[in-house]
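Here the structure comes first, spelled out in structure tokens, and everything after it is commentary.
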Amino acid sequence: MLVSENGCDSTVFLFLEVLPVPTTHEEAVICDGIPFYYAGDTLTEAGEYEFVFTSENGCDSIVVLTLNVLPVVSTSLEAETCANEPYEYDGESIDQSGTYEFRFDGSNGCDSIVVLHLTVLPVAETTLPVSICTGESYEYNGETLSAGGSYEFVFTAENGCDSVVTVELTLLPLSVSEKEV
């Protein structure tokens, strides 16, 4: 109670208006590994975030952000090829052992990654020098060789790749000796 100038009671009426605090709900979707920037913050984890701003009426304004993080699909692929047979993947011809990464558009809008671990197996190559006398022959792998030159034989090695044996056949000249009679 308040006392007026003349000593009587005085009544004061206070009309208090409580302004509402506006709250806004927003949603955002990102791909895993891609940051989301909002109000000066860098967000990378899924969850609900609350941001407080000053609204037009001078009161707080609250934004509740629900952030969803979609997965990046990653697949690992092990492959082998022989040294003389490049490995074909996604239009690329690869002939060196190593790890290769391929990115595709995933069905969820995020990257789909295939990690290829390629092993290039060796091709065994052997040269077999053989000398025979002219007029003789040499047997190799079921074939009879009698003319000088290079002959290539291809087998399958234990690793599944080619094993190439090259027979280098040299003909030695016959020597003629004269005897006196």
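Following the order of the structure tokens, chains are lettered A, B, ..., residues in each are numbered from 1, and ligands are numbered from 1.
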
Strand (DSSP E) per DSSP on the backbone: members of chain A, as a count of residues only: 108

Counting only C-alpha atoms, which residues of stretch 27-111 of chain A sit at most 12 Å from some atom of stretch 149-164 of chain A, and what is each one's closest atom pair with its distance in Å to one decimal, listed by chain and rising residue number, as JSON lines?
{"residue": "A:Glu80", "atom": "CA", "partner": "A:Asn159", "partner_atom": "CA", "distance": 9.9}
{"residue": "A:Thr81", "atom": "CA", "partner": "A:Cys161", "partner_atom": "CA", "distance": 8.1}
{"residue": "A:Cys82", "atom": "CA", "partner": "A:Cys161", "partner_atom": "CA", "distance": 5.5}
{"residue": "A:Ala83", "atom": "CA", "partner": "A:Cys161", "partner_atom": "CA", "distance": 8.1}
{"residue": "A:Asn84", "atom": "CA", "partner": "A:Asp162", "partner_atom": "CA", "distance": 8.4}
{"residue": "A:Glu85", "atom": "CA", "partner": "A:Cys161", "partner_atom": "CA", "distance": 9.1}

From A:Val52, A:Cys8, A:Ile94, A:Leu43, residue lying nearest A:Pro22 [only C-alpha atoms]: A:Val52

Residue neighbourhood A:Leu67, 12 Å, only C-alpha atoms, exclusion window fewer than 6 positions, as a list in words: His25, Glu26, Glu27, Ala28, Val29, Ile30, Cys31, Asp32, Pro35, Phe36, Tyr37, Tyr38, Thr42, Leu43, Thr44, Glu45, Ala46, Gly47, Glu48, Tyr49 and Glu50 of chain A

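Each of A:Tyr100, A:Asp95, A:Tyr138, A:Asn108 was checked against A:Val120 using only C-alpha atoms; the smallest atom-to-atom distance is that of A:Asp95.
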
Selected residue of minimal separation from A:Leu145 among A:Thr126, A:Gln96, A:Ser107, A:Thr170, counting only C-alpha atoms: A:Thr170

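Non-sequential neighbours of A:Leu19 (distance at most 10 Å, separation of 6 or more positions within a chain, only C-alpha atoms) are Asn57, Gly58, Cys59 and Asp60 of chain A.
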
Selected residues written out, N, CA, C and O atoms, as a CSV table (one decimal), in the first residue's frame:
chain,number,residue,atom,x,y,z
A,57,ASN,N,11.2,-7.8,-30.5
A,57,ASN,CA,10.6,-7.2,-29.4
A,57,ASN,C,11.6,-7.0,-28.2
A,57,ASN,O,11.2,-6.6,-27.1
A,58,GLY,N,12.8,-7.4,-28.4
A,58,GLY,CA,13.9,-7.2,-27.4
A,58,GLY,C,14.0,-8.4,-26.5
A,58,GLY,O,14.9,-8.5,-25.6
A,59,CYS,N,13.1,-9.4,-26.6
A,59,CYS,CA,13.2,-10.6,-25.8
A,59,CYS,C,14.0,-11.6,-26.5
A,59,CYS,O,14.4,-11.5,-27.7
A,60,ASP,N,14.3,-12.7,-25.8
A,60,ASP,CA,15.0,-13.8,-26.4
A,60,ASP,C,14.2,-14.5,-27.4
A,60,ASP,O,12.9,-14.5,-27.3

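Between A:Val73 and the residues A:Asp9, A:Asp111, A:Glu88, A:Asp105, the shortest atom-to-atom distance, using only C-alpha atoms, involves A:Asp111.
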
Straight-line distance linking atom CA of A:Gly148 with atom CA of A:Glu168, stated in Å to one decimal: 7.7 Å

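Of the residues listed (A:Phe13, A:Phe51, A:Phe104, A:Tyr87), A:Phe104 shows the shortest atom-to-atom separation from A:Val72; distances use only C-alpha atoms.
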
Using only C-alpha atoms: which of A:Thr54, A:Ser10, A:Ser175, A:Ser112 has the shortest distance to A:Cys133: A:Ser175

Atom CA of A:Ile113 to atom CA of A:Glu101, distance in Å rounded to a single decimal: 6.8 Å

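Residues in contact with A:Leu171 at up to 10 Å, not including ones fewer than 4 positions away on its chain and judged by only C-alpha atoms, are Val130, Ser131, Ile132, Cys133, Thr134, Gly135, Glu136, Ser137, Ser146, Ala147, Gly148 and Gly149 of chain A.
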
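Atom CA of A:Thr75 is found 4.8 Å from atom CA of A:Val114.
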